[in-house]
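Report on the structure given below.
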Amino acid sequence: MSIRQPLAAQPRPGHEFATLGGGCFWCLEAVYEELQGVVDVESGYAGGHVERPTYRQICGGDTGHAEVVRMEFDPQQIGYREILEVFFTIHDPTQLNRQGNDVGEQYRSVIFTHSPTQRAAAEAIIREIQPHHEREVVTQVVPAGGYWRAEDEHQEYFRHNPAQGYCMFVVAPKVEKFRRSFAARRRPPGA
């Protein structure tokens with residue numbers, strides 16, 4: 001979806017952006033590539049203080065950035081709430097600065113909102129899911145600010161590297177969970 005054509009600075013007329021961090025961006029990107037109504041999705045970095053960071057800098061853990069996906073979606077085909085429902089299904093929002101064995105601030109659970117309406121939707125769904133978790137939901141909800149697209153080798157990573165160890169043991173189970181939980185919302189094959 002996004003290796004050859006980076007997302008524009010603004011979504012197309014009638015479309016919106018959603019920017020989410022929930023662990024490794026390869027996991028989120030692989031899922032949202034298959035979600036009907038998502039026009040495009042790419043991996044990137046947001047929420048930190050370093051401009052144009054590199055993956056190596058992000059992994060160092062001192063940039064303040066989270067690994068994120070930014071997607072352009074058509075709200076006539078999918079609502080922002082549905083995007084968040086997928087998000088909260090495929091990652092653990094109760095893990096502070098980690099997802100599984102991926103540990104560090106760059107793996108935090110965070111929603112970068114692009115409008116007051118998105119912020120209200122994010123806060124509402126967090127209130128709704130909290131009673132269903134034994135631990136506190138630690139997902140941050142913050143206004144979208146600086147965003148930098150990740151390097152090309154991180155775009156469409158799962159699609160091009162399904163046999164890579166991390167993809168087989170971490171990404172693939174999340175993709176399968178999405179496919180089972182949201183079968184009716186999957187993009188038709190080849191679309």
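Chain lettering (A, B, ...) mirrors the order of the structure tokens, residue numbering begins at 1 for each chain separately, and ligand numbering begins at 1 in order of display.
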Apply DSSP to the backbone of this structure and, from segment 25-150 of chain A, keep only the residues in alpha helix (DSSP H); write these as a ChimeraX atom specification. /A:25-32,55-60,80-90,116-129
Using only C-alpha atoms, which residues sit within 9 Å of segment 167-182 of chain A once same-chain residues fewer than 3 positions away are excluded, as a compact mmCIF listing (two decimals) with N, CA and C atoms, in the first residue's frame?
# COMPACT_ATOMS: atom_id res chain seq x y z
N CYS A 24 4.96 -2.78 18.30
CA CYS A 24 5.69 -2.71 17.03
C CYS A 24 4.77 -2.29 15.90
N TRP A 26 4.97 -2.93 12.82
CA TRP A 26 4.73 -3.97 11.82
C TRP A 26 3.42 -4.69 12.10
N CYS A 27 3.10 -4.89 13.39
CA CYS A 27 1.85 -5.59 13.75
C CYS A 27 0.63 -4.77 13.33
N LEU A 28 0.63 -3.51 13.69
CA LEU A 28 -0.53 -2.66 13.39
C LEU A 28 -0.70 -2.47 11.89
N ALA A 30 0.18 -4.41 9.43
CA ALA A 30 -0.29 -5.64 8.78
C ALA A 30 -1.80 -5.82 8.94
N VAL A 31 -2.32 -5.46 10.09
CA VAL A 31 -3.75 -5.57 10.35
C VAL A 31 -4.52 -4.51 9.56
N GLU A 34 -5.50 -4.72 5.90
CA GLU A 34 -6.60 -5.60 5.53
C GLU A 34 -7.98 -5.07 5.92
N LEU A 35 -8.04 -3.92 6.56
CA LEU A 35 -9.31 -3.40 7.06
C LEU A 35 -10.02 -2.58 5.99
N VAL A 86 -10.74 -2.23 16.59
CA VAL A 86 -9.70 -3.13 16.09
C VAL A 86 -8.42 -2.93 16.92
N THR A 89 -8.47 -4.54 20.22
CA THR A 89 -8.55 -6.00 20.13
C THR A 89 -7.18 -6.62 19.86
N ILE A 90 -6.32 -5.92 19.11
CA ILE A 90 -5.07 -6.53 18.67
C ILE A 90 -3.86 -6.17 19.52
N HIS A 91 -4.04 -5.36 20.55
CA HIS A 91 -2.91 -5.11 21.45
C HIS A 91 -3.43 -5.04 22.88
N GLY A 100 4.22 -7.25 25.09
CA GLY A 100 4.92 -8.52 25.17
C GLY A 100 6.38 -8.31 25.51
N TYR A 157 6.04 -4.42 5.98
CA TYR A 157 7.06 -5.38 6.42
C TYR A 157 6.53 -6.81 6.49
N PHE A 158 5.39 -7.01 7.10
CA PHE A 158 4.85 -8.37 7.24
C PHE A 158 4.54 -8.97 5.87
N ASN A 161 7.85 -10.05 4.43
CA ASN A 161 8.73 -10.87 5.28
C ASN A 161 7.94 -11.83 6.18
N PRO A 162 6.95 -12.55 5.66
CA PRO A 162 6.11 -13.37 6.53
C PRO A 162 6.87 -14.52 7.21
N ALA A 163 8.00 -14.94 6.64
CA ALA A 163 8.75 -16.06 7.22
C ALA A 163 9.83 -15.59 8.20
N GLN A 164 9.97 -14.28 8.37
CA GLN A 164 10.93 -13.76 9.35
C GLN A 164 10.44 -14.14 10.74
N ARG A 185 -15.22 -7.32 8.24
CA ARG A 185 -14.66 -5.99 7.95
C ARG A 185 -13.37 -6.06 7.12
N ARG A 186 -12.99 -7.30 6.75
CA ARG A 186 -11.76 -7.45 5.96
C ARG A 186 -11.94 -6.94 4.54
Near-Glu136 of chain A list (9 Å; only C-alpha atoms; drop same-chain fewer than 5 positions) as a ChimeraX atom specification: /A:93-95,130-131
Using DSSP on the backbone coordinates, identify all residues within segment 104-153 of chain A classified as strand (DSSP E or B); present the result as a tab-separated table (two decimals) with N, CA and C atoms, in the first residue's frame.
chain	number	residue	atom	x	y	z
A	109	SER	N	1.23	2.30	24.32
A	109	SER	CA	-0.11	2.34	23.76
A	109	SER	C	-0.54	3.80	23.73
A	110	VAL	N	-0.80	4.31	22.53
A	110	VAL	CA	-1.11	5.74	22.40
A	110	VAL	C	-2.00	5.98	21.18
A	111	ILE	N	-2.91	6.91	21.35
A	111	ILE	CA	-3.78	7.37	20.26
A	111	ILE	C	-3.47	8.84	20.06
A	112	PHE	N	-2.99	9.17	18.87
A	112	PHE	CA	-2.74	10.57	18.51
A	112	PHE	C	-3.97	11.06	17.74
A	113	THR	N	-4.72	11.96	18.34
A	113	THR	CA	-5.99	12.39	17.75
A	113	THR	C	-5.79	13.58	16.81
A	140	GLN	N	-2.47	6.26	26.17
A	140	GLN	CA	-2.45	7.72	26.18
A	140	GLN	C	-3.31	8.24	25.04
A	141	VAL	N	-3.97	9.36	25.27
A	141	VAL	CA	-4.73	10.05	24.22
A	141	VAL	C	-4.17	11.46	24.16
A	142	VAL	N	-3.49	11.77	23.05
A	142	VAL	CA	-2.83	13.07	22.92
A	142	VAL	C	-3.07	13.63	21.51
A	143	PRO	N	-3.04	14.94	21.38
A	143	PRO	CA	-3.22	15.53	20.05
A	143	PRO	C	-2.07	15.13	19.12
A	147	TYR	N	4.95	14.06	12.93
A	147	TYR	CA	4.92	12.67	12.48
A	147	TYR	C	5.98	12.51	11.40
A	148	TRP	N	6.72	11.41	11.49
A	148	TRP	CA	7.72	11.11	10.48
A	148	TRP	C	7.53	9.69	9.98
A	149	ARG	N	7.48	9.55	8.68
A	149	ARG	CA	7.33	8.23	8.06
A	149	ARG	C	8.60	7.42	8.33
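Considering only C-alpha atoms, the residue among A:Arg52, A:Ala183, A:Tyr80, A:Ala66 positioned nearest to Ala124 of chain A is A:Tyr80.
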Name all residues at most 8 Å from Val41 of chain A (count only C-alpha atoms; drop same-chain ones fewer than 5 positions away) and give them as a list in words. Met1, Ser2, Leu7, Glu29, Tyr32, Glu33, Val69, Arg70, Met71 and Glu72 of chain A
Coordinates-based distance that separates atom CA of Ala184 of chain A from atom CA of Arg81 of chain A (Å, one decimal): 15.8 Å
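Each of A:Glu67, A:Gln99, A:Gly37, A:Val138 was checked against Glu123 of chain A using only C-alpha atoms; the smallest atom-to-atom distance is that of A:Val138.
Residues with any atom within 12 Å of Glu128 of chain A, counting only C-alpha atoms and excluding same-chain neighbours fewer than 5 positions away, are Arg81, Leu84, Glu85, Phe88, Ala121, Ala122, Glu123, His133 and Val137 of chain A.
Straight-line separation from atom CA of Gly14 of chain A to atom CA of Tyr45 of chain A: 24.7 Å.
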I want to know what sits within 8 Å of Gln155 of chain A, based on only C-alpha atoms, with residues of the same chain fewer than 2 positions away left out; could you give that as a PyMOL selection string? chain A and resi 2-3+26+42-43+150-153+157
Suppose we keep C-alpha atoms; can you now write the selection as an mmCIF file, in the first residue's frame?
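part_0.cif, freshly written:
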data_model
loop_
_atom_site.group_PDB
_atom_site.id
_atom_site.type_symbol
_atom_site.label_atom_id
_atom_site.label_comp_id
_atom_site.auth_asym_id
_atom_site.auth_seq_id
_atom_site.Cartn_x
_atom_site.Cartn_y
_atom_site.Cartn_z
ATOM 1 C CA SER A 2 2.564 2.591 1.010
ATOM 2 C CA ILE A 3 6.109 1.759 -0.062
ATOM 3 C CA TRP A 26 4.735 -3.971 11.825
ATOM 4 C CA GLU A 42 2.153 3.421 6.717
ATOM 5 C CA SER A 43 4.559 2.936 9.590
ATOM 6 C CA ALA A 150 9.558 5.266 8.880
ATOM 7 C CA GLU A 151 12.212 4.098 6.465
ATOM 8 C CA ASP A 152 11.065 2.147 3.382
ATOM 9 C CA GLU A 153 12.289 -1.190 4.764
ATOM 10 C CA TYR A 157 7.059 -5.380 6.422
#
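The space between atom CA of Val68 of chain A and atom CA of Gly44 of chain A spans 5.3 Å.
Distances here use only C-alpha atoms; by that measure, the residue among A:Gly145, A:Pro189, A:Gly104, A:Pro13 closest to Gly48 of chain A is A:Gly145.
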In terms of only C-alpha atoms, the residue from A:Arg159, A:Arg98, A:Gly146, A:Gln10 at minimal distance from Val50 of chain A is A:Gly146
